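Listing of run_1.tsv; format and content: TSV, C-alpha atoms.
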chain	number	residue	atom	x	y	z
L	1	MET	CA	0.00	0.00	0.00
L	2	THR	CA	1.15	3.56	-0.64
L	3	ALA	CA	1.96	6.01	2.14
L	4	PRO	CA	-0.90	8.01	3.65
L	5	VAL	CA	-1.87	11.16	1.77
L	6	GLY	CA	-3.79	14.26	2.77
L	7	THR	CA	-3.50	16.61	5.68
L	8	ARG	CA	-6.61	15.88	7.77
L	9	SER	CA	-6.27	13.41	10.61
L	10	SER	CA	-8.83	10.75	11.52
L	11	ALA	CA	-10.03	12.90	14.41
L	12	ASP	CA	-10.33	15.95	12.13
L	13	LEU	CA	-12.35	14.01	9.55
L	14	ILE	CA	-14.69	12.51	12.14
L	15	SER	CA	-15.29	15.96	13.61
L	16	ALA	CA	-15.86	17.42	10.15
L	17	GLU	CA	-18.64	14.91	9.47
L	18	GLU	CA	-20.64	15.88	12.54
L	19	PRO	CA	-22.27	19.12	11.29
L	20	VAL	CA	-22.76	18.10	7.65
L	21	LEU	CA	-23.78	14.41	7.66
L	22	ALA	CA	-27.11	13.06	8.82
L	23	HIS	CA	-26.63	11.09	12.03
L	24	ASN	CA	-28.21	7.86	10.81
L	25	TYR	CA	-25.11	5.77	11.54
L	26	HIS	CA	-22.90	5.25	14.58
L	27	PRO	CA	-19.66	4.01	13.01
L	28	LEU	CA	-16.58	2.94	14.90
L	29	PRO	CA	-14.00	5.76	15.09
L	30	VAL	CA	-11.76	4.58	12.26
L	31	VAL	CA	-11.33	6.49	8.98
L	32	VAL	CA	-10.39	4.12	6.15
L	33	ALA	CA	-8.36	5.63	3.32
L	34	ARG	CA	-6.98	2.62	1.40
L	35	ALA	CA	-7.60	-1.10	1.15
L	36	GLU	CA	-6.27	-4.23	-0.52
L	37	GLY	CA	-7.53	-7.77	-0.12
L	38	THR	CA	-8.46	-8.41	3.50
L	39	TRP	CA	-6.65	-5.35	4.88
L	40	VAL	CA	-7.60	-1.68	5.19
L	41	GLU	CA	-5.52	1.30	6.19
L	42	ASP	CA	-6.58	4.51	7.91
L	43	VAL	CA	-5.41	8.03	7.06
L	44	GLU	CA	-2.52	7.74	9.51
L	45	GLY	CA	-1.34	4.50	7.91
L	46	ARG	CA	-2.53	2.10	10.63
L	47	ARG	CA	-3.54	-1.29	9.19
L	48	TYR	CA	-6.60	-3.33	10.17
L	49	LEU	CA	-7.81	-6.81	9.24
L	50	ASP	CA	-11.33	-6.40	7.87
L	51	MET	CA	-13.53	-9.01	9.55
L	52	LEU	CA	-16.81	-7.44	8.40
L	53	ALA	CA	-16.35	-7.14	4.62
L	54	GLY	CA	-18.99	-4.44	4.22
L	55	TYR	CA	-21.70	-6.73	5.62
L	56	SER	CA	-20.81	-9.25	2.87
L	57	ALA	CA	-20.56	-6.65	0.08
L	58	LEU	CA	-16.82	-7.40	-0.07
L	59	ASN	CA	-16.97	-11.20	-0.25
L	60	PHE	CA	-14.05	-11.16	-2.72
L	61	GLY	CA	-11.98	-8.72	-0.68
L	62	HIS	CA	-11.11	-5.12	-1.36
L	63	ARG	CA	-10.15	-4.33	-4.95
L	64	HIS	CA	-10.07	-7.88	-6.25
L	65	PRO	CA	-7.85	-7.71	-9.36
L	66	ALA	CA	-10.35	-9.38	-11.70
L	67	LEU	CA	-13.15	-7.07	-10.59
L	68	ILE	CA	-11.02	-3.93	-10.76
L	69	GLU	CA	-9.86	-4.92	-14.25
L	70	ALA	CA	-13.46	-5.47	-15.39
L	71	ALA	CA	-14.45	-2.06	-14.03
L	72	HIS	CA	-11.49	-0.29	-15.65
L	73	ARG	CA	-12.19	-1.90	-19.02
L	74	GLN	CA	-15.81	-0.81	-18.89
L	75	LEU	CA	-15.02	2.71	-17.65
L	76	ASP	CA	-13.03	3.22	-20.83
L	77	ARG	CA	-16.02	2.22	-23.01
L	78	LEU	CA	-19.45	3.00	-21.57
L	79	THR	CA	-20.93	3.53	-18.10
L	80	LEU	CA	-24.62	4.40	-18.46
L	81	THR	CA	-27.33	4.36	-21.11
L	82	SER	CA	-30.46	4.09	-18.91
L	83	ARG	CA	-32.90	1.37	-19.87
L	84	ALA	CA	-34.27	3.59	-22.63
L	85	PHE	CA	-31.73	1.75	-24.79
L	86	HIS	CA	-30.08	-1.65	-24.78
L	87	ASN	CA	-26.42	-2.02	-23.82
L	88	ASP	CA	-23.94	-4.67	-24.89
L	89	ARG	CA	-23.15	-5.94	-21.36
L	90	LEU	CA	-26.57	-6.67	-19.88
L	91	ALA	CA	-27.51	-9.85	-21.76
L	92	GLU	CA	-24.42	-11.78	-20.67
L	93	PHE	CA	-24.84	-10.66	-17.06
L	94	ALA	CA	-28.45	-11.83	-16.97
L	95	GLU	CA	-27.70	-15.12	-18.77
L	96	ARG	CA	-24.88	-16.08	-16.46
L	97	LEU	CA	-26.60	-14.98	-13.26
L	98	ALA	CA	-29.72	-16.96	-14.17
L	99	GLU	CA	-27.59	-20.04	-14.90
L	100	LEU	CA	-25.61	-19.65	-11.66
L	101	THR	CA	-28.78	-19.56	-9.58
L	102	GLY	CA	-30.78	-22.15	-11.51
L	103	LEU	CA	-33.58	-19.71	-12.32
L	104	ASP	CA	-34.85	-18.15	-15.54
L	105	MET	CA	-35.05	-14.36	-15.58
L	106	VAL	CA	-33.31	-11.37	-14.01
L	107	LEU	CA	-34.61	-7.95	-13.00
L	108	PRO	CA	-31.49	-5.80	-12.42
L	109	MET	CA	-31.59	-3.12	-9.75
L	110	ASN	CA	-28.99	-1.28	-7.65
L	111	THR	CA	-29.30	-1.62	-3.88
L	112	GLY	CA	-30.51	-4.47	-1.74
L	113	ALA	CA	-33.52	-2.51	-0.54
L	114	GLU	CA	-34.49	-1.88	-4.18
L	115	ALA	CA	-34.32	-5.62	-4.85
L	116	VAL	CA	-36.62	-6.29	-1.88
L	117	GLU	CA	-39.07	-3.57	-2.92
L	118	SER	CA	-39.03	-4.96	-6.46
L	119	GLY	CA	-39.60	-8.48	-5.17
L	120	ILE	CA	-42.61	-7.30	-3.20
L	121	LYS	CA	-44.10	-5.60	-6.27
L	122	VAL	CA	-43.50	-8.67	-8.42
L	123	ALA	CA	-45.07	-10.98	-5.85
L	124	ARG	CA	-48.17	-8.81	-5.58
L	125	LYS	CA	-48.51	-8.50	-9.36
L	126	TRP	CA	-48.19	-12.29	-9.67
L	127	ALA	CA	-50.85	-12.76	-7.02
L	128	TYR	CA	-53.32	-10.59	-8.94
L	129	ASP	CA	-52.50	-11.72	-12.47
L	130	VAL	CA	-51.80	-15.41	-11.92
L	131	LYS	CA	-53.20	-16.53	-8.58
L	132	GLY	CA	-56.36	-14.45	-8.87
L	133	VAL	CA	-56.21	-12.63	-5.53
L	134	PRO	CA	-58.80	-9.80	-5.49
L	135	ALA	CA	-57.37	-6.34	-6.18
L	136	ASP	CA	-55.46	-4.76	-3.29
L	137	ARG	CA	-55.98	-7.80	-1.05
L	138	ALA	CA	-52.60	-9.53	-1.47
L	139	THR	CA	-50.64	-10.33	1.68
L	140	ILE	CA	-47.01	-11.26	2.22
L	141	VAL	CA	-45.89	-13.30	5.23
L	142	VAL	CA	-42.56	-12.32	6.81
L	143	ALA	CA	-40.54	-13.33	9.86
L	144	ALA	CA	-40.04	-11.45	13.11
L	145	GLU	CA	-36.54	-10.00	13.68
L	146	ASN	CA	-36.12	-9.71	9.92
L	147	PHE	CA	-33.88	-7.21	8.17
L	148	HIS	CA	-34.67	-6.52	4.52
L	149	GLY	CA	-33.75	-2.82	4.27
L	150	ARG	CA	-34.89	0.57	5.51
L	151	THR	CA	-37.39	1.96	3.01
L	152	THR	CA	-40.84	2.92	4.28
L	153	THR	CA	-42.50	-0.24	2.97
L	154	ILE	CA	-39.77	-2.49	4.36
L	155	VAL	CA	-39.74	-0.98	7.86
L	156	SER	CA	-43.51	-1.43	7.84
L	157	PHE	CA	-42.92	-5.13	8.49
L	158	SER	CA	-39.86	-4.77	10.73
L	159	THR	CA	-40.08	-5.69	14.41
L	160	ASP	CA	-37.16	-3.41	15.28
L	161	GLU	CA	-38.65	-0.30	16.87
L	162	THR	CA	-35.47	1.67	16.21
L	163	ALA	CA	-36.11	1.17	12.49
L	164	ARG	CA	-39.85	1.91	12.77
L	165	ALA	CA	-40.42	4.59	15.38
L	166	GLY	CA	-41.28	7.94	13.87
L	167	PHE	CA	-41.68	6.71	10.29
L	168	GLY	CA	-45.37	5.78	10.10
L	169	PRO	CA	-47.99	5.49	8.76
L	170	PHE	CA	-46.93	2.08	7.57
L	171	THR	CA	-47.68	0.08	4.45
L	172	PRO	CA	-50.33	-2.60	5.01
L	173	GLY	CA	-50.40	-6.10	3.56
L	174	PHE	CA	-47.85	-7.94	5.71
L	175	ARG	CA	-48.21	-10.67	8.34
L	176	ILE	CA	-45.38	-11.27	10.79
L	177	VAL	CA	-44.75	-14.72	12.27
L	178	PRO	CA	-41.90	-16.05	14.42
L	179	TYR	CA	-38.83	-17.15	12.48
L	180	ASN	CA	-38.12	-20.88	12.38
L	181	ASP	CA	-41.74	-21.76	13.23
L	182	LEU	CA	-43.46	-23.74	10.47
L	183	ALA	CA	-46.73	-24.08	12.38
L	184	ALA	CA	-47.04	-20.31	12.78
L	185	LEU	CA	-46.19	-19.85	9.12
L	186	GLU	CA	-48.83	-22.32	8.00
L	187	ALA	CA	-51.47	-20.59	10.14
L	188	ALA	CA	-50.64	-17.21	8.56
L	189	VAL	CA	-50.86	-18.32	4.92
L	190	ASP	CA	-54.28	-18.16	3.28
L	191	GLU	CA	-55.89	-17.58	-0.12
L	192	THR	CA	-54.70	-13.94	-0.16
L	193	THR	CA	-51.03	-14.82	0.38
L	194	ALA	CA	-48.83	-13.77	-2.52
L	195	ALA	CA	-45.54	-14.86	-0.98
L	196	VAL	CA	-43.52	-15.86	2.03
L	197	LEU	CA	-40.48	-13.58	2.25
L	198	LEU	CA	-37.61	-14.83	4.42
L	199	GLU	CA	-33.87	-14.61	4.97
L	200	PRO	CA	-32.48	-18.17	4.86
L	201	ILE	CA	-30.18	-16.95	7.65
L	202	GLN	CA	-31.14	-13.81	9.54
L	203	GLY	CA	-28.11	-11.53	9.37
L	204	GLU	CA	-28.88	-8.35	11.30
L	205	ALA	CA	-30.58	-10.42	14.00
L	206	GLY	CA	-27.20	-11.95	14.80
L	207	VAL	CA	-26.64	-14.65	12.14
L	208	VAL	CA	-29.65	-16.69	13.24
L	209	ILE	CA	-29.66	-20.08	11.52
L	210	PRO	CA	-32.98	-21.95	11.37
L	211	ASP	CA	-33.36	-25.60	12.32
L	212	GLU	CA	-32.50	-28.15	9.68
L	213	GLY	CA	-35.61	-28.81	7.62
L	214	TYR	CA	-37.15	-25.38	8.13
L	215	LEU	CA	-36.36	-24.08	4.64
L	216	THR	CA	-37.46	-27.39	3.12
L	217	GLY	CA	-40.70	-27.02	5.06
L	218	VAL	CA	-41.17	-23.46	3.81
L	219	ARG	CA	-40.65	-24.65	0.23
L	220	GLU	CA	-43.16	-27.50	0.65
L	221	LEU	CA	-45.72	-25.28	2.37
L	222	THR	CA	-45.58	-22.51	-0.25
L	223	ARG	CA	-46.00	-25.05	-3.07
L	224	ARG	CA	-48.94	-26.69	-1.33
L	225	LYS	CA	-50.61	-23.35	-0.53
L	226	GLY	CA	-50.03	-21.89	-3.99
L	227	CYS	CA	-47.87	-18.91	-3.07
L	228	LEU	CA	-44.30	-17.85	-3.81
L	229	PHE	CA	-41.21	-18.49	-1.71
L	230	VAL	CA	-39.06	-15.36	-1.88
L	231	ALA	CA	-35.56	-15.87	-0.43
L	232	ASP	CA	-33.61	-12.74	0.55
L	233	GLU	CA	-29.99	-13.82	0.01
L	234	ILE	CA	-28.59	-10.29	-0.11
L	235	GLN	CA	-26.26	-11.04	2.83
L	236	SER	CA	-26.25	-14.83	2.92
L	237	GLY	CA	-25.74	-15.45	-0.80
L	238	LEU	CA	-22.85	-15.53	-3.27
L	239	GLY	CA	-20.46	-17.79	-1.39
L	240	ARG	CA	-20.73	-16.49	2.16
L	241	THR	CA	-22.02	-19.70	3.76
L	242	GLY	CA	-19.92	-22.19	1.80
L	243	ARG	CA	-22.45	-22.58	-1.00
L	244	THR	CA	-23.43	-20.19	-3.77
L	245	LEU	CA	-26.72	-19.67	-1.95
L	246	ALA	CA	-27.64	-20.44	1.65
L	247	VAL	CA	-30.81	-22.26	0.53
L	248	GLU	CA	-28.57	-24.84	-1.14
L	249	HIS	CA	-27.71	-26.27	2.28
L	250	GLU	CA	-31.19	-27.82	2.16
L	251	GLY	CA	-31.37	-28.31	-1.60
L	252	VAL	CA	-34.12	-25.72	-1.87
L	253	VAL	CA	-34.85	-23.63	-4.97
L	254	PRO	CA	-37.06	-20.60	-4.23
L	255	ASP	CA	-39.46	-19.06	-6.74
L	256	VAL	CA	-37.83	-15.65	-6.31
L	257	LEU	CA	-34.29	-14.87	-5.22
L	258	LEU	CA	-33.12	-11.46	-4.01
L	259	LEU	CA	-29.43	-10.67	-4.46
L	260	GLY	CA	-27.25	-7.64	-3.77
L	261	LYS	CA	-24.17	-6.59	-1.79
L	262	ALA	CA	-21.43	-8.95	-3.12
L	263	LEU	CA	-23.01	-8.89	-6.58
L	264	GLY	CA	-21.34	-5.50	-7.08
L	265	GLY	CA	-17.94	-6.76	-5.97
L	266	GLY	CA	-17.52	-3.88	-3.54
L	267	ILE	CA	-17.15	-1.54	-6.52
L	268	VAL	CA	-20.63	-0.47	-7.60
L	269	PRO	CA	-24.09	-1.12	-6.14
L	270	VAL	CA	-25.67	-4.05	-8.00
L	271	SER	CA	-28.75	-5.99	-6.98
L	272	ALA	CA	-31.19	-8.26	-8.74
L	273	VAL	CA	-34.46	-10.10	-8.50
L	274	VAL	CA	-33.95	-13.53	-10.07
L	275	ALA	CA	-37.01	-15.69	-10.59
L	276	ARG	CA	-38.93	-18.20	-12.64
L	277	ARG	CA	-40.10	-16.98	-16.02
L	278	ASP	CA	-43.80	-17.20	-15.10
L	279	VAL	CA	-43.17	-14.94	-12.08
L	280	LEU	CA	-40.99	-12.16	-13.51
L	281	GLY	CA	-42.96	-12.46	-16.75
L	282	VAL	CA	-45.87	-10.61	-15.13
L	283	LEU	CA	-44.06	-7.28	-15.54
L	284	ARG	CA	-44.85	-5.17	-18.58
L	285	PRO	CA	-43.10	-2.03	-19.92
L	286	GLY	CA	-43.73	0.99	-17.72
L	287	GLU	CA	-44.74	-0.99	-14.62
L	288	HIS	CA	-41.32	-0.95	-12.95
L	289	GLY	CA	-37.87	0.38	-13.68
L	290	SER	CA	-34.62	1.99	-12.62
L	291	THR	CA	-32.45	4.50	-14.48
L	292	PHE	CA	-29.26	2.89	-13.21
L	293	GLY	CA	-30.50	-0.70	-12.94
L	294	GLY	CA	-28.58	-2.91	-15.36
L	295	ASN	CA	-26.19	-0.14	-16.39
L	296	PRO	CA	-23.13	-1.30	-18.42
L	297	LEU	CA	-20.63	-0.71	-15.63
L	298	ALA	CA	-22.74	-2.65	-13.14
L	299	ALA	CA	-23.31	-5.44	-15.65
L	300	ALA	CA	-19.60	-5.72	-16.40
L	301	VAL	CA	-18.67	-5.94	-12.73
L	302	GLY	CA	-21.59	-8.25	-11.98
L	303	THR	CA	-20.52	-10.58	-14.77
L	304	ALA	CA	-16.99	-10.68	-13.35
L	305	VAL	CA	-18.46	-11.56	-9.93
L	306	VAL	CA	-20.43	-14.42	-11.47
L	307	GLU	CA	-17.26	-15.63	-13.22
L	308	LEU	CA	-15.49	-15.83	-9.85
L	309	LEU	CA	-18.36	-17.82	-8.36
L	310	GLU	CA	-18.57	-20.16	-11.36
L	311	THR	CA	-15.18	-21.59	-10.38
L	312	GLY	CA	-16.49	-22.75	-6.99
L	313	GLU	CA	-13.25	-21.58	-5.36
L	314	PHE	CA	-14.85	-19.06	-3.04
L	315	GLN	CA	-17.61	-21.42	-1.93
L	316	ARG	CA	-14.96	-24.03	-1.08
L	317	ARG	CA	-12.85	-21.51	0.81
L	318	ALA	CA	-15.84	-20.38	2.87
L	319	ALA	CA	-16.71	-23.98	3.73
L	320	GLU	CA	-13.13	-24.98	4.63
L	321	LEU	CA	-12.26	-21.83	6.56
L	322	GLY	CA	-15.67	-21.97	8.19
L	323	THR	CA	-14.39	-24.99	10.08
L	324	VAL	CA	-11.45	-22.93	11.36
L	325	LEU	CA	-13.85	-20.18	12.43
L	326	ARG	CA	-16.23	-22.58	14.18
L	327	ASP	CA	-13.42	-24.43	15.96
L	328	GLY	CA	-11.89	-21.18	17.16
L	329	LEU	CA	-15.18	-19.87	18.49
L	330	THR	CA	-15.99	-23.18	20.16
L	331	GLY	CA	-12.80	-22.80	22.17
L	332	LEU	CA	-13.96	-19.39	23.42
L	333	VAL	CA	-17.33	-20.55	24.75
L	334	GLY	CA	-17.27	-20.14	28.52
L	335	ARG	CA	-14.25	-17.87	28.22
L	336	GLY	CA	-16.01	-14.62	27.41
L	337	VAL	CA	-18.31	-16.03	24.72
L	338	VAL	CA	-21.67	-17.35	25.89
L	339	GLY	CA	-22.67	-18.75	22.50
L	340	PHE	CA	-22.37	-18.34	18.75
L	341	ARG	CA	-24.00	-19.27	15.47
L	342	ALA	CA	-21.87	-19.86	12.38
L	343	ARG	CA	-22.20	-21.08	8.83
L	344	GLY	CA	-19.31	-20.81	6.40
L	345	LEU	CA	-17.41	-17.59	6.99
L	346	TRP	CA	-20.24	-15.91	8.86
L	347	ALA	CA	-20.83	-15.88	12.60
L	348	GLY	CA	-22.82	-14.09	15.25
L	349	VAL	CA	-20.88	-14.19	18.54
L	350	ASP	CA	-22.64	-13.51	21.84
L	351	ILE	CA	-20.27	-11.84	24.29
L	352	ASP	CA	-20.76	-12.29	28.03
L	353	PRO	CA	-22.52	-9.04	29.04
L	354	ALA	CA	-20.44	-9.00	32.22
L	355	ILE	CA	-17.38	-8.39	30.03
L	356	GLY	CA	-18.85	-5.68	27.81
L	357	THR	CA	-21.30	-4.71	25.12
L	358	GLY	CA	-20.80	-5.66	21.51
L	359	ARG	CA	-19.75	-2.11	20.71
L	360	GLU	CA	-17.23	-2.02	23.55
L	361	ILE	CA	-15.66	-5.28	22.37
L	362	SER	CA	-15.68	-4.00	18.76
L	363	LYS	CA	-13.77	-0.87	19.83
L	364	LEU	CA	-11.23	-2.92	21.77
L	365	LEU	CA	-10.70	-5.13	18.72
L	366	MET	CA	-10.33	-2.03	16.53
L	367	HIS	CA	-7.52	-0.79	18.76
L	368	GLU	CA	-5.83	-4.16	18.21
L	369	GLY	CA	-6.18	-3.92	14.42
L	370	ILE	CA	-9.31	-6.04	13.90
L	371	LEU	CA	-12.53	-4.56	12.46
L	372	VAL	CA	-15.89	-6.11	13.37
L	373	LYS	CA	-19.33	-4.62	14.11
L	374	ASP	CA	-21.82	-5.15	16.88
L	375	THR	CA	-25.54	-5.84	16.73
L	376	HIS	CA	-28.24	-6.35	19.35
L	377	GLY	CA	-26.42	-5.49	22.56
L	378	SER	CA	-23.62	-7.93	23.23
L	379	THR	CA	-23.44	-9.68	19.86
L	380	ILE	CA	-20.66	-9.08	17.33
L	381	ARG	CA	-20.70	-10.23	13.72
L	382	LEU	CA	-17.80	-11.83	11.91
L	383	ALA	CA	-17.93	-11.92	8.11
L	384	PRO	CA	-14.41	-11.64	6.67
L	385	PRO	CA	-13.70	-11.56	2.95
L	386	LEU	CA	-13.71	-15.06	1.47
L	387	THR	CA	-10.12	-14.37	0.42
L	388	ILE	CA	-8.90	-14.40	4.03
L	389	THR	CA	-6.15	-16.91	4.81
L	390	ALA	CA	-6.30	-19.52	7.56
L	391	GLU	CA	-3.41	-17.69	9.26
L	392	GLU	CA	-5.21	-14.34	9.19
L	393	LEU	CA	-8.39	-15.91	10.51
L	394	ALA	CA	-6.55	-17.69	13.33
L	395	SER	CA	-4.77	-14.44	14.19
L	396	ALA	CA	-8.07	-12.56	14.42
L	397	LEU	CA	-9.53	-15.23	16.70
L	398	GLY	CA	-6.39	-15.03	18.83
L	399	VAL	CA	-6.83	-11.28	19.21
L	400	LEU	CA	-10.49	-11.80	20.17
L	401	GLU	CA	-9.37	-14.28	22.84
L	402	GLN	CA	-6.86	-11.77	24.22
L	403	VAL	CA	-9.43	-8.97	24.32
L	404	LEU	CA	-11.95	-11.16	26.12
L	405	ARG	CA	-9.35	-12.37	28.61
L	406	ARG	CA	-8.29	-8.80	29.33
Show this structure as structure tokens.
Amino acid sequence: MTAPVGTRSSADLISAEEPVLAHNYHPLPVVVARAEGTWVEDVEGRRYLDMLAGYSALNFGHRHPALIEAAHRQLDRLTLTSRAFHNDRLAEFAERLAELTGLDMVLPMNTGAEAVESGIKVARKWAYDVKGVPADRATIVVAAENFHGRTTTIVSFSTDETARAGFGPFTPGFRIVPYNDLAALEAAVDETTAAVLLEPIQGEAGVVIPDEGYLTGVRELTRRKGCLFVADEIQSGLGRTGRTLAVEHEGVVPDVLLLGKALGGGIVPVSAVVARRDVLGVLRPGEHGSTFGGNPLAAAVGTAVVELLETGEFQRRAAELGTVLRDGLTGLVGRGVVGFRARGLWAGVDIDPAIGTGREISKLLMHEGILVKDTHGSTIRLAPPLTITAEELASALGVLEQVLRR
């Protein structure tokens, strides 16, 4: 990495943000200026091992050479046309993404929240046009403790009061049931149900993994009841859990798949709704769109991401290194860790509240050169780039052990 540049210190930059940026985040006090692979560097030149990877947006590490090269090539040719015209990169992106996921059609968008909003619209349109639900009566069943984004419609079915309070009135048409409870789900689904929308693993809730058989049960129930299974794999997908998709751990294929974060390679925002032809086929010109969705730069980077996943290398790495992660965390249970949930290179770690809050532990780790982020009180999340080495992962776990012991 090159030497630090600029004249403003981390403290100066943090102070400068205060009067001019909306206070909708509470970041750790580190100011990142450069990054490469699994490492980032602040403006003073201090290095940190990134164990968060942009909430899985950086599955392939910072500035992966193949992704940077794809972006540079496209920047020299064409960046945006809008969907008023075709562009020469979009077809290949859609073809390869559909093949990777085992589905038929792609609706390209930009952010994860846009993919979720689009998925909701598609499910409702399908319910009216195909299922025959009376106009404006469609319902969607979701799980408590979900996180699907922060738009008005999405927070309407959140159970997190921090996300909801002060933002009503809320969008109707959603039924909330406990996660990992098939009986409650069955009771909530009726003739008006357009879809069941779930995270195969709940990320923001603390990497909550359902019981084995739950996703299979959801798939069977939605088929039997004649509604769609919409899987939000924006965080869990694209290699994170040791498979291309988290639903693959149970051999499940949803009707609609929501992707984002890592699909843009940490370079540009790219998201997508991927679905069966008879589902996405309900959309007609003018009913939905996005100026930037499917732009040539996004399609070029997205295609390069799919190429990386087609090799299977990153899925294998996540599965193999996931064993290192799980073994390391197992050794910390009872020694500052009260429990954890892990799949692949993704873990929610519950810190003993007597030792500190998740934020306090995250700050201590930051001072030791390890970047993680807290959620829900005393839980921290670990989601390193899939390019991390076994040695780097073991080192990070060793630092966590030292911080907890201290």
| message | Could you check which residues have any atom within 12 Å of (-31.8, -11.0, -3.9), counting only C-alpha atoms with coordinates taken straight from the file, and then list them as a VMD selection string? | response | chain L and resid 97 101 106 to 120 148 to 149 197 to 200 230 to 238 245 to 246 254 to 263 270 to 275
Would you kindly return, as a PDB file with C-alpha atoms, in the frame of the given file, each protein, DNA or RNA residue with an atom no farther than 10 Å from any atom of L:Gly348, considering all atoms listed in the file and excluding same-chain residues fewer than 2 positions away?
ATOM      1  CA  GLY L 203     -28.110 -11.530   9.370  1.00  0.00           C
ATOM      2  CA  GLU L 204     -28.880  -8.350  11.300  1.00  0.00           C
ATOM      3  CA  ALA L 205     -30.580 -10.420  14.000  1.00  0.00           C
ATOM      4  CA  GLY L 206     -27.200 -11.950  14.800  1.00  0.00           C
ATOM      5  CA  VAL L 207     -26.640 -14.650  12.140  1.00  0.00           C
ATOM      6  CA  VAL L 208     -29.650 -16.690  13.240  1.00  0.00           C
ATOM      7  CA  ILE L 209     -29.660 -20.080  11.520  1.00  0.00           C
ATOM      8  CA  GLY L 339     -22.670 -18.750  22.500  1.00  0.00           C
ATOM      9  CA  PHE L 340     -22.370 -18.340  18.750  1.00  0.00           C
ATOM     10  CA  ARG L 341     -24.000 -19.270  15.470  1.00  0.00           C
ATOM     11  CA  ALA L 342     -21.870 -19.860  12.380  1.00  0.00           C
ATOM     12  CA  ARG L 343     -22.200 -21.080   8.830  1.00  0.00           C
ATOM     13  CA  TRP L 346     -20.240 -15.910   8.860  1.00  0.00           C
ATOM     14  CA  ASP L 350     -22.640 -13.510  21.840  1.00  0.00           C
ATOM     15  CA  ILE L 351     -20.270 -11.840  24.290  1.00  0.00           C
ATOM     16  CA  ASP L 374     -21.820  -5.150  16.880  1.00  0.00           C
ATOM     17  CA  THR L 375     -25.540  -5.840  16.730  1.00  0.00           C
ATOM     18  CA  THR L 379     -23.440  -9.680  19.860  1.00  0.00           C
ATOM     19  CA  ILE L 380     -20.660  -9.080  17.330  1.00  0.00           C
ATOM     20  CA  ARG L 381     -20.700 -10.230  13.720  1.00  0.00           C
ATOM     21  CA  LEU L 382     -17.800 -11.830  11.910  1.00  0.00           C
ATOM     22  CA  ALA L 383     -17.930 -11.920   8.110  1.00  0.00           C
TER      23      ALA L 383
END
| request: Skip L:Phe93 itself and residues of its chain fewer than 6 positions away, then list as a list of chain:residue names all residues within 7 Å of it, counting all atoms listed in the file. | output: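 Returned residues: L:Ala299, L:Gly302, L:Thr303.
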Residues near L:Phe170, cut-off 8 Å, all atoms listed in the file, skip fewer than 6 positions along chain, as a PDB file with C-alpha atoms, in the coordinates of the input:
ATOM      1  CA  THR L 152     -40.840   2.920   4.280  1.00  0.00           C
ATOM      2  CA  THR L 153     -42.500  -0.240   2.970  1.00  0.00           C
ATOM      3  CA  VAL L 155     -39.740  -0.980   7.860  1.00  0.00           C
ATOM      4  CA  SER L 156     -43.510  -1.430   7.840  1.00  0.00           C
TER       5      SER L 156
END
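Closest to L:Pro65 among L:Val305, L:Ala396, L:Arg243, L:Leu221 is L:Val305, based on all atoms listed in the file.
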| field | L:Asp160 environment, 9 Å, all atoms listed in the file, sequence neighbours closer than 4 positions dropped, as a ChimeraX atom specification | value | /L:144-147,155,164-165
| said: Taking (-9.4, -7.1, 10.8) as a centre in this file's frame and 7 Å as the limit, can you find every polymer residue with an atom that close, using only C-alpha atoms, and give them as a ChimeraX atom specification? | reply: /L:39,48-51,369-371,396
| remark: Nearest to L:Asp190, restricted to all atoms listed in the file and choosing among L:Ser395, L:Thr139, L:Ser158, L:Asn87, comes out as L:Thr139
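Here atom CA of L:Arg224 is placed at a distance of 15.2 Å from atom CA of L:Val141.
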Find the spatial neighbours of L:Pro134, counting all atoms listed in the file, within a cut-off of 8 Å - ignore same-chain residues fewer than 4 positions away - and output them as a PDB file with C-alpha atoms, in the frame of the given file.
ATOM      1  CA  TYR L 128     -53.320 -10.590  -8.940  1.00  0.00           C
ATOM      2  CA  ALA L 138     -52.600  -9.530  -1.470  1.00  0.00           C
ATOM      3  CA  THR L 192     -54.700 -13.940  -0.160  1.00  0.00           C
TER       4      THR L 192
END
Can I get the residues of stretch 16-95 of chain L within 12 Å of stretch 314-326 of chain L, each with the closest pair of atoms and their distance in Å to one decimal, using all atoms listed in the file, sorted chain first then ascending number, as CSV?
residue,atom,partner,partner_atom,distance
L:Met51,CA,L:Leu325,CA,11.5
L:Asn59,CA,L:Phe314,CA,8.6
L:Phe60,CA,L:Phe314,CA,7.9
L:Gly61,CA,L:Phe314,CA,11.0
